[in-house]
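Undergrad: Enclosed is the structure file coords19.cif (mmCIF, C-alpha atoms).
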data_start
loop_
_atom_site.label_atom_id
_atom_site.label_comp_id
_atom_site.auth_asym_id
_atom_site.auth_seq_id
_atom_site.Cartn_x
_atom_site.Cartn_y
_atom_site.Cartn_z
CA MET A 7 0.00 0.00 0.00
CA ILE A 8 2.67 2.39 1.06
CA ALA A 9 4.61 1.48 -2.09
CA VAL A 10 1.69 2.41 -4.34
CA LEU A 11 1.36 5.68 -2.41
CA GLY A 12 5.08 6.27 -2.96
CA LEU A 13 4.66 5.85 -6.70
CA VAL A 14 1.72 8.27 -6.72
CA VAL A 15 3.70 10.80 -4.67
CA GLY A 16 6.65 10.51 -7.08
CA ILE A 17 4.42 11.10 -10.12
CA ALA A 18 2.78 14.04 -8.36
CA LEU A 19 6.17 15.54 -7.51
CA GLY A 20 7.26 15.18 -11.14
CA LEU A 21 4.10 16.88 -12.34
CA VAL A 22 4.30 19.67 -9.79
CA PHE A 23 7.95 20.58 -10.17
CA GLN A 24 8.15 19.90 -13.90
CA PRO A 25 11.91 19.34 -13.81
CA THR A 26 13.98 19.44 -16.95
CA VAL A 27 16.40 16.62 -17.52
CA PRO A 28 20.03 17.77 -17.20
CA ALA A 29 21.83 17.43 -20.55
CA GLY A 30 24.37 14.99 -19.12
CA LEU A 31 21.65 12.65 -17.88
CA GLN A 32 19.53 12.71 -20.99
CA PRO A 33 20.76 9.48 -22.62
CA TYR A 34 20.62 7.55 -19.32
CA LEU A 35 17.31 8.50 -17.80
CA PRO A 36 15.01 6.45 -20.11
CA ILE A 37 17.21 3.35 -19.70
CA ALA A 38 17.35 3.88 -15.95
CA VAL A 39 13.56 4.10 -15.75
CA VAL A 40 13.14 0.87 -17.72
CA ALA A 41 15.74 -0.85 -15.53
CA ALA A 42 13.90 0.30 -12.42
CA LEU A 43 10.65 -1.03 -13.85
CA ASP A 44 12.37 -4.36 -14.34
CA ALA A 45 13.47 -4.35 -10.71
CA VAL A 46 9.92 -3.50 -9.60
CA PHE A 47 8.38 -6.36 -11.56
CA GLY A 48 11.05 -8.71 -10.23
CA ALA A 49 10.22 -7.56 -6.71
CA ILE A 50 6.49 -8.09 -7.16
CA ARG A 51 7.15 -11.57 -8.44
CA ALA A 52 9.47 -12.33 -5.56
CA TYR A 53 6.87 -11.01 -3.11
CA LEU A 54 4.23 -13.29 -4.56
CA ASP A 55 6.71 -16.15 -4.39
CA GLY A 56 7.05 -15.35 -0.72
CA ARG A 57 10.75 -14.73 -0.90
CA PHE A 58 10.76 -10.94 -1.07
CA ASP A 59 13.63 -9.26 0.72
CA ASP A 60 13.72 -5.47 0.94
CA LYS A 61 17.54 -5.42 1.00
CA VAL A 62 17.67 -7.49 -2.16
CA PHE A 63 15.12 -5.21 -3.75
CA VAL A 64 17.02 -2.03 -2.88
CA VAL A 65 20.29 -3.46 -4.12
CA SER A 66 18.77 -4.86 -7.32
CA PHE A 67 16.90 -1.63 -7.98
CA ILE A 68 19.98 0.56 -7.61
CA SER A 69 22.37 -1.85 -9.32
CA ASN A 70 19.92 -2.30 -12.22
CA VAL A 71 19.76 1.45 -12.74
CA LEU A 72 23.51 1.92 -12.41
CA ILE A 73 24.42 -0.99 -14.70
CA ALA A 74 21.95 0.13 -17.35
CA ALA A 75 23.39 3.64 -17.23
CA LEU A 76 26.92 2.23 -17.31
CA ILE A 77 26.17 0.10 -20.38
CA VAL A 78 24.77 3.11 -22.20
CA PHE A 79 27.73 5.21 -21.13
CA VAL A 80 30.22 2.63 -22.37
CA GLY A 81 28.24 2.26 -25.57
CA ASP A 82 28.35 6.03 -26.11
CA GLN A 83 32.11 6.00 -25.60
CA LEU A 84 32.49 3.17 -28.11
CA GLY A 85 30.21 4.84 -30.62
CA VAL A 86 27.53 2.13 -30.42
CA GLY A 87 25.39 3.92 -27.85
CA SER A 88 22.12 3.72 -29.72
CA GLN A 89 22.55 0.03 -30.56
CA LEU A 90 23.54 -0.85 -26.99
CA SER A 91 20.67 1.08 -25.46
CA THR A 92 18.31 -0.70 -27.84
CA GLY A 93 19.82 -4.00 -26.70
CA VAL A 94 19.39 -3.08 -23.04
CA ILE A 95 15.78 -2.09 -23.62
CA VAL A 96 15.13 -5.39 -25.42
CA VAL A 97 16.68 -7.47 -22.63
CA LEU A 98 14.89 -5.57 -19.90
CA GLY A 99 11.66 -5.78 -21.87
CA ILE A 100 11.98 -9.55 -22.12
CA ARG A 101 12.63 -9.75 -18.37
CA ILE A 102 9.63 -7.57 -17.61
CA PHE A 103 7.46 -9.78 -19.79
CA SER A 104 8.65 -12.98 -18.13
CA ASN A 105 8.19 -11.50 -14.65
CA ALA A 106 4.72 -10.27 -15.63
CA ALA A 107 3.93 -13.76 -16.88
CA ALA A 108 5.03 -15.25 -13.53
CA ILE A 109 2.92 -12.73 -11.60
CA ARG A 110 -0.03 -13.56 -13.82
CA ARG A 111 0.40 -17.25 -13.12
CA HIS A 112 0.55 -16.55 -9.38
CA LEU A 113 -2.55 -14.42 -9.28
CA PHE A 114 -4.78 -15.88 -11.97
CA HIS A 115 -3.38 -19.32 -12.38
CA ALA A 116 -3.12 -18.75 -16.11
CA MET B 6 8.87 -21.53 -15.08
CA PRO B 7 6.85 -24.73 -15.22
CA GLU B 8 3.10 -24.31 -14.86
CA HIS B 9 2.59 -26.85 -12.05
CA ASP B 10 5.00 -24.98 -9.76
CA ALA B 11 2.81 -21.91 -9.55
CA ALA B 12 -0.51 -23.72 -9.46
CA PRO B 13 -0.89 -24.38 -5.71
CA ASP B 14 0.32 -20.84 -4.82
CA THR B 15 -2.65 -18.89 -6.17
CA ALA B 16 -4.59 -18.57 -2.95
CA LYS B 17 -1.44 -17.79 -1.03
CA ALA B 18 -0.48 -15.14 -3.57
CA TRP B 19 -3.79 -13.34 -3.22
CA ALA B 20 -3.42 -13.45 0.50
CA ARG B 21 -0.03 -11.80 0.16
CA VAL B 22 -1.49 -9.09 -2.06
CA ARG B 23 -4.24 -8.40 0.43
CA HIS B 24 -1.71 -8.31 3.22
CA ALA B 25 0.50 -5.93 1.30
CA LEU B 26 -2.38 -3.56 0.62
CA THR B 27 -4.02 -3.63 4.03
CA GLY B 28 -1.35 -4.55 6.53
CA ARG B 29 0.82 -2.21 8.52
CA PRO B 30 3.79 -1.14 6.41
CA SER B 31 6.98 -2.76 7.50
CA ARG B 32 10.38 -1.07 7.38
CA GLY B 33 11.07 -2.77 4.05
CA GLN B 34 7.95 -1.29 2.55
CA TRP B 35 9.06 2.21 3.54
CA VAL B 36 12.28 1.68 1.66
CA VAL B 37 10.39 0.35 -1.33
CA ALA B 38 8.08 3.36 -1.17
CA ALA B 39 11.09 5.71 -1.18
CA LEU B 40 12.46 4.02 -4.26
CA PHE B 41 9.03 4.18 -5.90
CA VAL B 42 8.93 7.90 -5.28
CA LEU B 43 12.21 8.11 -7.15
CA LEU B 44 10.93 5.89 -9.95
CA GLY B 45 7.69 7.83 -10.42
CA PHE B 46 9.55 11.12 -10.39
CA ALA B 47 12.10 9.92 -12.98
CA ALA B 48 9.46 8.36 -15.20
CA VAL B 49 7.31 11.49 -15.24
CA THR B 50 10.35 13.64 -15.87
CA GLN B 51 11.39 11.47 -18.79
CA VAL B 52 7.90 11.38 -20.26
CA ARG B 53 7.62 15.15 -20.00
CA SER B 54 11.00 15.78 -21.58
CA THR B 55 10.19 13.36 -24.41
CA ASN B 56 6.93 15.16 -25.05
CA ASP B 57 8.57 18.57 -24.78
CA ASP B 58 10.79 18.30 -27.79
CA ALA B 59 11.04 15.70 -30.50
CA TYR B 60 14.84 16.04 -30.59
CA THR B 61 15.55 15.76 -26.88
CA GLY B 62 15.60 11.98 -26.76
CA MET B 63 17.74 11.58 -29.86
CA ARG B 64 21.33 10.42 -29.75
CA ARG B 65 24.26 12.30 -31.14
CA ASP B 66 24.68 10.26 -34.34
CA GLU B 67 20.96 10.43 -35.02
CA LEU B 68 21.13 14.19 -34.69
CA VAL B 69 24.17 14.27 -36.98
CA THR B 70 22.28 12.23 -39.58
CA LEU B 71 19.31 14.54 -39.25
CA LEU B 72 21.56 17.56 -39.62
CA GLN B 73 23.17 16.09 -42.73
CA THR B 74 19.76 15.39 -44.22
CA LEU B 75 18.73 18.95 -43.54
CA ASP B 76 21.98 20.26 -44.98
CA GLY B 77 21.39 18.22 -48.13
CA ALA B 78 17.85 19.50 -48.43
CA ASP B 79 19.05 23.04 -47.84
CA GLU B 80 21.70 22.71 -50.51
CA ARG B 81 19.21 21.23 -52.95
CA LEU B 82 16.73 24.01 -52.30
CA THR B 83 19.41 26.69 -52.62
CA GLN B 84 20.41 25.25 -55.97
CA GLN B 85 16.79 25.08 -57.03
CA ARG B 86 16.31 28.68 -56.03
CA ALA B 87 19.37 29.74 -58.05
CA GLU B 88 18.03 27.90 -61.10
CA LEU B 89 14.63 29.48 -60.73
CA SER B 90 16.21 32.92 -60.30
CA ALA B 91 18.18 32.37 -63.51
CA THR B 92 15.00 31.33 -65.31
CA GLN B 93 13.23 34.38 -63.96
CA ARG B 94 16.07 36.62 -65.16
CA ASN B 95 15.98 35.06 -68.61
CA LEU B 96 12.24 35.48 -68.87
CA GLN B 97 12.50 39.06 -67.70
CA GLN B 98 15.17 39.77 -70.30
CA ASP B 99 13.05 38.13 -72.97
CA SER B 100 10.06 40.17 -71.95
CA GLU B 101 12.15 43.35 -71.95
CA ARG B 102 13.45 42.51 -75.41
CA ASN B 103 9.93 41.84 -76.61
CA GLN B 104 8.75 45.09 -75.10
CA ALA B 105 11.59 46.95 -76.80
CA ALA B 106 10.70 45.29 -80.10
CA VAL B 107 7.06 46.23 -79.66
CA GLU B 108 8.08 49.80 -78.83
CA GLU B 109 10.34 49.94 -81.87
CA THR B 110 7.61 48.56 -84.12
CA ARG B 111 5.11 51.05 -82.75
CA ARG B 112 7.51 53.92 -83.43
CA ALA B 113 8.09 52.69 -86.96
CA ALA B 114 4.35 52.31 -87.49
CA ASP B 115 3.79 55.85 -86.19
CA ALA B 116 6.46 57.24 -88.48
CA LEU B 117 4.99 55.40 -91.46
CA ALA B 118 1.46 56.45 -90.57
CA ILE B 119 2.57 60.10 -90.44
CA LEU B 120 4.36 59.74 -93.75
CA ALA B 121 1.36 58.04 -95.34
CA GLY B 122 -0.96 60.64 -93.86
CA THR B 123 -3.31 58.09 -92.31
CA VAL B 124 -3.31 59.57 -88.81
CA PRO B 125 -4.13 63.09 -87.62
CA VAL B 126 -1.02 64.81 -86.26
CA GLN B 127 -0.25 67.90 -84.23
CA GLY B 128 2.78 70.00 -83.52
CA PRO B 129 4.37 73.35 -84.20
CA GLY B 130 4.22 74.72 -87.72
CA VAL B 131 2.96 77.46 -89.99
CA VAL B 132 -0.35 78.44 -91.49
CA ILE B 133 0.12 79.97 -94.94
CA THR B 134 -2.80 81.84 -96.43
CA VAL B 135 -2.61 82.61 -100.15
CA GLU B 136 -4.98 85.32 -101.34
CA ASP B 137 -5.27 85.88 -105.07
CA PRO B 138 -8.35 87.90 -105.96
CA ASP B 139 -7.63 87.45 -109.67
CA GLU B 140 -7.36 83.66 -109.36
CA THR B 141 -3.90 83.76 -110.83
CA VAL B 142 -2.28 81.25 -108.55
CA GLY B 143 -2.37 77.82 -110.21
CA ALA B 144 -1.28 74.28 -109.70
CA SER B 145 2.38 74.88 -110.48
CA THR B 146 2.67 77.65 -107.89
CA LEU B 147 0.96 75.50 -105.27
CA LEU B 148 3.18 72.55 -106.14
CA ASN B 149 6.23 74.79 -105.84
CA ALA B 150 5.04 75.92 -102.43
CA ILE B 151 4.56 72.33 -101.29
CA GLU B 152 8.01 71.38 -102.59
CA GLU B 153 9.58 74.34 -100.77
CA LEU B 154 7.83 73.32 -97.55
CA ARG B 155 9.03 69.74 -97.94
CA ASP B 156 12.52 71.03 -98.56
CA ALA B 157 12.27 72.97 -95.32
CA GLY B 158 11.41 69.79 -93.47
CA ALA B 159 7.64 69.86 -93.29
CA GLU B 160 6.44 66.56 -91.87
CA ALA B 161 2.73 66.85 -92.53
CA ILE B 162 0.94 69.18 -94.89
CA GLN B 163 -2.72 69.78 -95.51
CA VAL B 164 -4.48 72.24 -97.77
CA ASN B 165 -7.69 74.00 -96.74
CA GLY B 166 -8.07 71.50 -93.96
CA VAL B 167 -9.50 68.93 -96.37
CA VAL B 168 -6.61 67.47 -98.37
CA ARG B 169 -3.62 65.79 -96.79
CA VAL B 170 -0.57 66.17 -99.02
CA VAL B 171 1.42 62.92 -99.07
CA ALA B 172 4.05 61.30 -101.30
CA GLN B 173 1.60 60.28 -104.02
CA SER B 174 -0.29 63.58 -104.00
CA TYR B 175 -0.64 65.40 -107.29
CA VAL B 176 -1.76 68.92 -108.09
CA THR B 177 -3.63 69.71 -111.29
CA ASP B 178 -5.28 72.72 -112.88
CA ALA B 179 -8.97 72.18 -113.37
CA SER B 180 -11.34 73.99 -115.70
CA GLY B 181 -12.33 77.53 -114.72
CA GLY B 182 -9.04 78.35 -112.98
CA ASN B 183 -9.73 75.91 -110.14
CA VAL B 184 -7.06 73.68 -108.62
CA ARG B 185 -7.44 70.02 -107.74
CA ILE B 186 -5.25 68.15 -105.33
CA ASP B 187 -5.53 64.36 -105.51
CA GLY B 188 -8.51 64.91 -107.74
CA ARG B 189 -10.29 66.97 -105.14
CA GLU B 190 -11.12 70.60 -105.76
CA VAL B 191 -9.68 73.10 -103.35
CA LYS B 192 -11.29 76.49 -103.12
CA ARG B 193 -9.69 79.86 -102.76
CA PRO B 194 -8.24 81.23 -100.60
CA PHE B 195 -5.71 78.42 -100.26
CA VAL B 196 -4.74 77.73 -96.68
CA ILE B 197 -1.65 75.51 -96.43
CA GLU B 198 -0.91 74.15 -92.99
CA ALA B 199 2.47 72.51 -92.51
CA ILE B 200 3.92 70.91 -89.37
CA GLY B 201 7.65 71.22 -88.85
CA ASP B 202 10.14 73.73 -87.51
CA SER B 203 7.98 76.83 -87.71
CA HIS B 204 10.86 79.28 -88.21
CA THR B 205 12.44 77.26 -91.02
CA LEU B 206 9.06 76.81 -92.70
CA ASP B 207 8.43 80.54 -92.41
CA GLN B 208 11.77 81.27 -94.08
CA ALA B 209 10.97 78.78 -96.87
CA VAL B 210 7.97 80.90 -97.79
CA VAL B 211 9.30 84.41 -97.48
CA PHE B 212 12.82 84.04 -98.92
CA ARG B 213 13.64 86.18 -101.97
CA GLY B 214 12.14 84.54 -105.06
CA GLY B 215 10.07 82.18 -102.91
CA LEU B 216 6.32 81.60 -102.70
CA ALA B 217 5.59 85.03 -101.30
CA ASP B 218 7.46 86.79 -104.10
CA GLN B 219 5.89 84.57 -106.75
CA VAL B 220 2.35 85.19 -105.52
CA GLU B 221 2.96 88.88 -105.19
CA ALA B 222 4.27 88.90 -108.77
CA LEU B 223 0.95 87.32 -109.76
CA GLY B 224 -0.92 90.06 -107.93
CA GLY B 225 -1.80 88.09 -104.81
CA GLU B 226 -0.79 88.14 -101.20
CA VAL B 227 0.75 85.58 -98.84
CA ASN B 228 0.27 85.64 -95.11
CA VAL B 229 2.40 83.37 -92.95
CA GLU B 230 1.55 82.71 -89.34
CA GLN B 231 3.78 80.67 -87.05
CA THR B 232 2.07 78.61 -84.37
CA ASP B 233 3.11 76.26 -81.61
CA ALA B 234 0.07 74.04 -81.74
CA LEU B 235 -1.14 73.14 -85.16
CA GLU B 236 -3.44 70.26 -85.89
CA VAL B 237 -3.46 68.47 -89.21
CA THR B 238 -6.65 66.46 -89.24
CA ALA B 239 -7.20 65.73 -92.91
CA LEU B 240 -6.40 62.14 -93.77
CA ALA B 241 -5.07 60.63 -96.94
CA GLU B 242 -6.60 57.46 -98.28
CA GLU B 243 -4.67 54.39 -97.32
CA ARG B 244 -3.26 52.83 -100.43
CA GLU B 245 -1.79 49.39 -100.78
CA ALA B 246 0.93 49.08 -103.35
CA GLU B 247 -0.68 47.22 -106.23
CA TYR B 248 2.39 46.64 -108.36
CA ALA B 249 5.46 47.55 -106.40
CA ARG B 250 6.95 44.83 -104.24
CA PRO B 251 10.04 45.07 -102.08
CA ALA B 252 13.04 43.77 -104.03
CA ARG B 253 15.20 41.42 -102.03
#
Represent the structure contained in this file as structure tokens.
TA:
Amino acid sequence: MIAVLGLVVGIALGLVFQPTVPAGLQPYLPIAVVAALDAVFGAIRAYLDGRFDDKVFVVSFISNVLIAALIVFVGDQLGVGSQLSTGVIVVLGIRIFSNAAAIRRHLFHA
Amino acid sequence: MPEHDAAPDTAKAWARVRHALTGRPSRGQWVVAALFVLLGFAAVTQVRSTNDDAYTGMRRDELVTLLQTLDGADERLTQQRAELSATQRNLQQDSERNQAAVEETRRAADALAILAGTVPVQGPGVVITVEDPDETVGASTLLNAIEELRDAGAEAIQVNGVVRVVAQSYVTDASGGNVRIDGREVKRPFVIEAIGDSHTLDQAVVFRGGLADQVEALGGEVNVEQTDALEVTALAEEREAEYARPAR
């Protein structure tokens, strides 16, 4: 419950302050958001499995974001930034789908 | 994940969801909530910045490609504009040439029309009145007068306001001391109106041995009046050359 509230508060803050993305962060923010979403779906699945651990979640959340940003950064340095970020999005997307499928199986048995 | 693993967990899973939504938040949930705040904030920020500007989310090489495309288009359009400008210049020159030709043709037509006596003309000139009470002035004297006026540069001549004297004009003596010009009888007193340099025309009449002297010798009188605005309104018949053709 409190987590859902947190999400709502974050969205509200974003809407109220209307921040602009700093130029240096621009390539990383979308990847970081997708990575965080992946961590969230993983956490929901783990919770439904009954093996949710908040420490694991915090670490996976932060490390997901950092690694995604790092991959994009390295890709930019190597000149394959757009390809690598596409690859990261694809991988994370697949993970989100598989986690969503697991959650679905837990809740709806289908 | 195999299907049969998840199957017995359904009821337990719903119980967990209910517990998560209704139960007292644990310390772990507070941490999760903090991270969710961050996530929501970042997601909204990203969505807003993506919506703000179509180019914000693009990478450097994409932007470079876009820039090159635009440069190419710009170059193409510049070239196109130069070509169109050249075409426009050409057309303008053509039109100017055509206009000049039309102007030239109109001038030539005007000059020919004046020569042929088919248009009324106006300008400075002289009005010569020949009075001969004894009707002694004949065709030859009139013809002499016309020749003298032509010599003095008369550009248009009419007699009595009814006959335009042109290149083909002829002057004949008719019966009873009358004079015919182009077959048309002109009555006394003869009034010759000539357009040209009025002073020169005046001199052509009054010089020693000229028209004035001749008429006076015949017992008549010549009166010359210079004017700045003379109108020659008599028209000659337009004649197409029936036999003569330009020799090339």
Undergrad: Take the PyMOL selection byres ((chain A) within 8 of (chain B)), run it mentally on this structure, and tell me the resulting residues as a PyMOL selection string.
TA: chain A and resi 7-21+24-27+32-33+35-36+39+42-43+53-56+59-61+63-64+87-88+108+111-115
Undergrad: Go through B:Ala144, B:Ala249, B:Ala159, B:Ala241 and flag the residue nearest Gly122 of chain B, using all atoms listed in the file for the distances.
TA: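 Nearest candidate to Gly122 of chain B out of B:Ala144, B:Ala249, B:Ala159, B:Ala241: B:Ala241.
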Undergrad: Leaving out Val94 of chain A and any residue of its chain fewer than 3 positions from it, which residues lie within 9 Å of it when counting all atoms listed in the file, given as a PDB file with C-alpha atoms, in the frame of the given file?
TA:
ATOM      1  CA  ILE A  37      17.210   3.350 -19.700  1.00  0.00           C
ATOM      2  CA  ALA A  41      15.740  -0.850 -15.530  1.00  0.00           C
ATOM      3  CA  ALA A  74      21.950   0.130 -17.350  1.00  0.00           C
ATOM      4  CA  ILE A  77      26.170   0.100 -20.380  1.00  0.00           C
ATOM      5  CA  VAL A  78      24.770   3.110 -22.200  1.00  0.00           C
ATOM      6  CA  GLN A  89      22.550   0.030 -30.560  1.00  0.00           C
ATOM      7  CA  LEU A  90      23.540  -0.850 -26.990  1.00  0.00           C
ATOM      8  CA  SER A  91      20.670   1.080 -25.460  1.00  0.00           C
ATOM      9  CA  VAL A  97      16.680  -7.470 -22.630  1.00  0.00           C
ATOM     10  CA  LEU A  98      14.890  -5.570 -19.900  1.00  0.00           C
ATOM     11  CA  GLY A  99      11.660  -5.780 -21.870  1.00  0.00           C
TER      12      GLY A  99
END
Undergrad: For Ala217 of chain B, list every protein, DNA or RNA residue within 9 Å, evaluated using only C-alpha atoms, and leave out those in the same chain fewer than 6 positions away; present the list as a PyMOL selection string.
TA: chain B and resi 135+210-211+225-228
Undergrad: Of the residues B:Ala179, B:Ile151, B:Ala113, B:Val107, which is the one nearest to Ala209 of chain B, using only C-alpha atoms?
TA: B:Ile151
Undergrad: Enter the distance from atom CA of Gln219 of chain B to atom CA of Ile197 of chain B, in Å, rounded to one decimal.
TA: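 Atom CA of Ile197 of chain B lies 15.7 Å from atom CA of Gln219 of chain B.
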Undergrad: Extract, using all atoms listed in the file, all DNA, RNA and protein residues at most 12 Å from Asp137 of chain B, discarding same-chain residues fewer than 2 positions from it, and format them as a list of chain:residue names.
TA: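 Once the nearby chain positions are removed, what remains is B:Thr134, B:Val135, B:Asp139, B:Glu140, B:Thr141, B:Val142, B:Gly143, B:Thr146, B:Gly182, B:Lys192, B:Arg193, B:Pro194, B:Phe195, B:Val196, B:Ala217, B:Gln219, B:Val220, B:Glu221, B:Ala222, B:Leu223, B:Gly224, B:Gly225, B:Glu226, B:Val227, B:Asn228.
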Undergrad: What does the file look like for those residues with C-alpha atoms, as a compact mmCIF listing (two decimals), keeping the file's coordinate frame?
TA:
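Output saved as result.txt:
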# COMPACT_ATOMS: atom_id res chain seq x y z
CA THR B 134 -2.80 81.84 -96.43
CA VAL B 135 -2.61 82.61 -100.15
CA ASP B 139 -7.63 87.45 -109.67
CA GLU B 140 -7.36 83.66 -109.36
CA THR B 141 -3.90 83.76 -110.83
CA VAL B 142 -2.28 81.25 -108.55
CA GLY B 143 -2.37 77.82 -110.21
CA THR B 146 2.67 77.65 -107.89
CA GLY B 182 -9.04 78.35 -112.98
CA LYS B 192 -11.29 76.49 -103.12
CA ARG B 193 -9.69 79.86 -102.76
CA PRO B 194 -8.24 81.23 -100.60
CA PHE B 195 -5.71 78.42 -100.26
CA VAL B 196 -4.74 77.73 -96.68
CA ALA B 217 5.59 85.03 -101.30
CA GLN B 219 5.89 84.57 -106.75
CA VAL B 220 2.35 85.19 -105.52
CA GLU B 221 2.96 88.88 -105.19
CA ALA B 222 4.27 88.90 -108.77
CA LEU B 223 0.95 87.32 -109.76
CA GLY B 224 -0.92 90.06 -107.93
CA GLY B 225 -1.80 88.09 -104.81
CA GLU B 226 -0.79 88.14 -101.20
CA VAL B 227 0.75 85.58 -98.84
CA ASN B 228 0.27 85.64 -95.11
Undergrad: Given the file shown, enumerate the residues that the PyMOL selection byres ((chain B and resi 115-119) around 12) captures and present them as number ranges by chain.
TA: B: 108-114, 120-127, 159-162, 169-172, 200, 237-244
Undergrad: What is the atom CA of Val191 of chain B-atom CA of His204 of chain B distance in Å, reported with one decimal?
TA: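 Here the two named atoms are 26.3 Å from each other.
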Undergrad: Would you mind listing what lies within 12 Å of Asp202 of chain B as a PyMOL selection string, with all atoms listed in the file counted and same-chain residues fewer than 5 positions away left out?
TA: chain B and resi 128-131+154-161+207-209+231-235
Undergrad: Could you check how far atom CA of Val164 of chain B sits from atom CA of Glu198 of chain B, in Å to one decimal?
TA: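 Rounded to one decimal, the two atoms are 6.3 Å apart.
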Undergrad: Of the candidates B:Leu68, B:Leu75, B:Ile186, B:Leu89, which one gets nearest to Val167 of chain B if we count only C-alpha atoms?
TA: B:Ile186
Undergrad: Give me the result of the PyMOL selection byres ((chain A and resi 48) around 9) on this file, residue by residue, as a PyMOL selection string.
TA: chain A and resi 43-47+49-53+63+101-102+105-106
Undergrad: Taking all atoms listed in the file into account, which of B:Val168, B:Ala199, B:Leu216, B:Val69 comes nearest Asn149 of chain B?
TA: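 Smallest separation from Asn149 of chain B among the options: B:Leu216.
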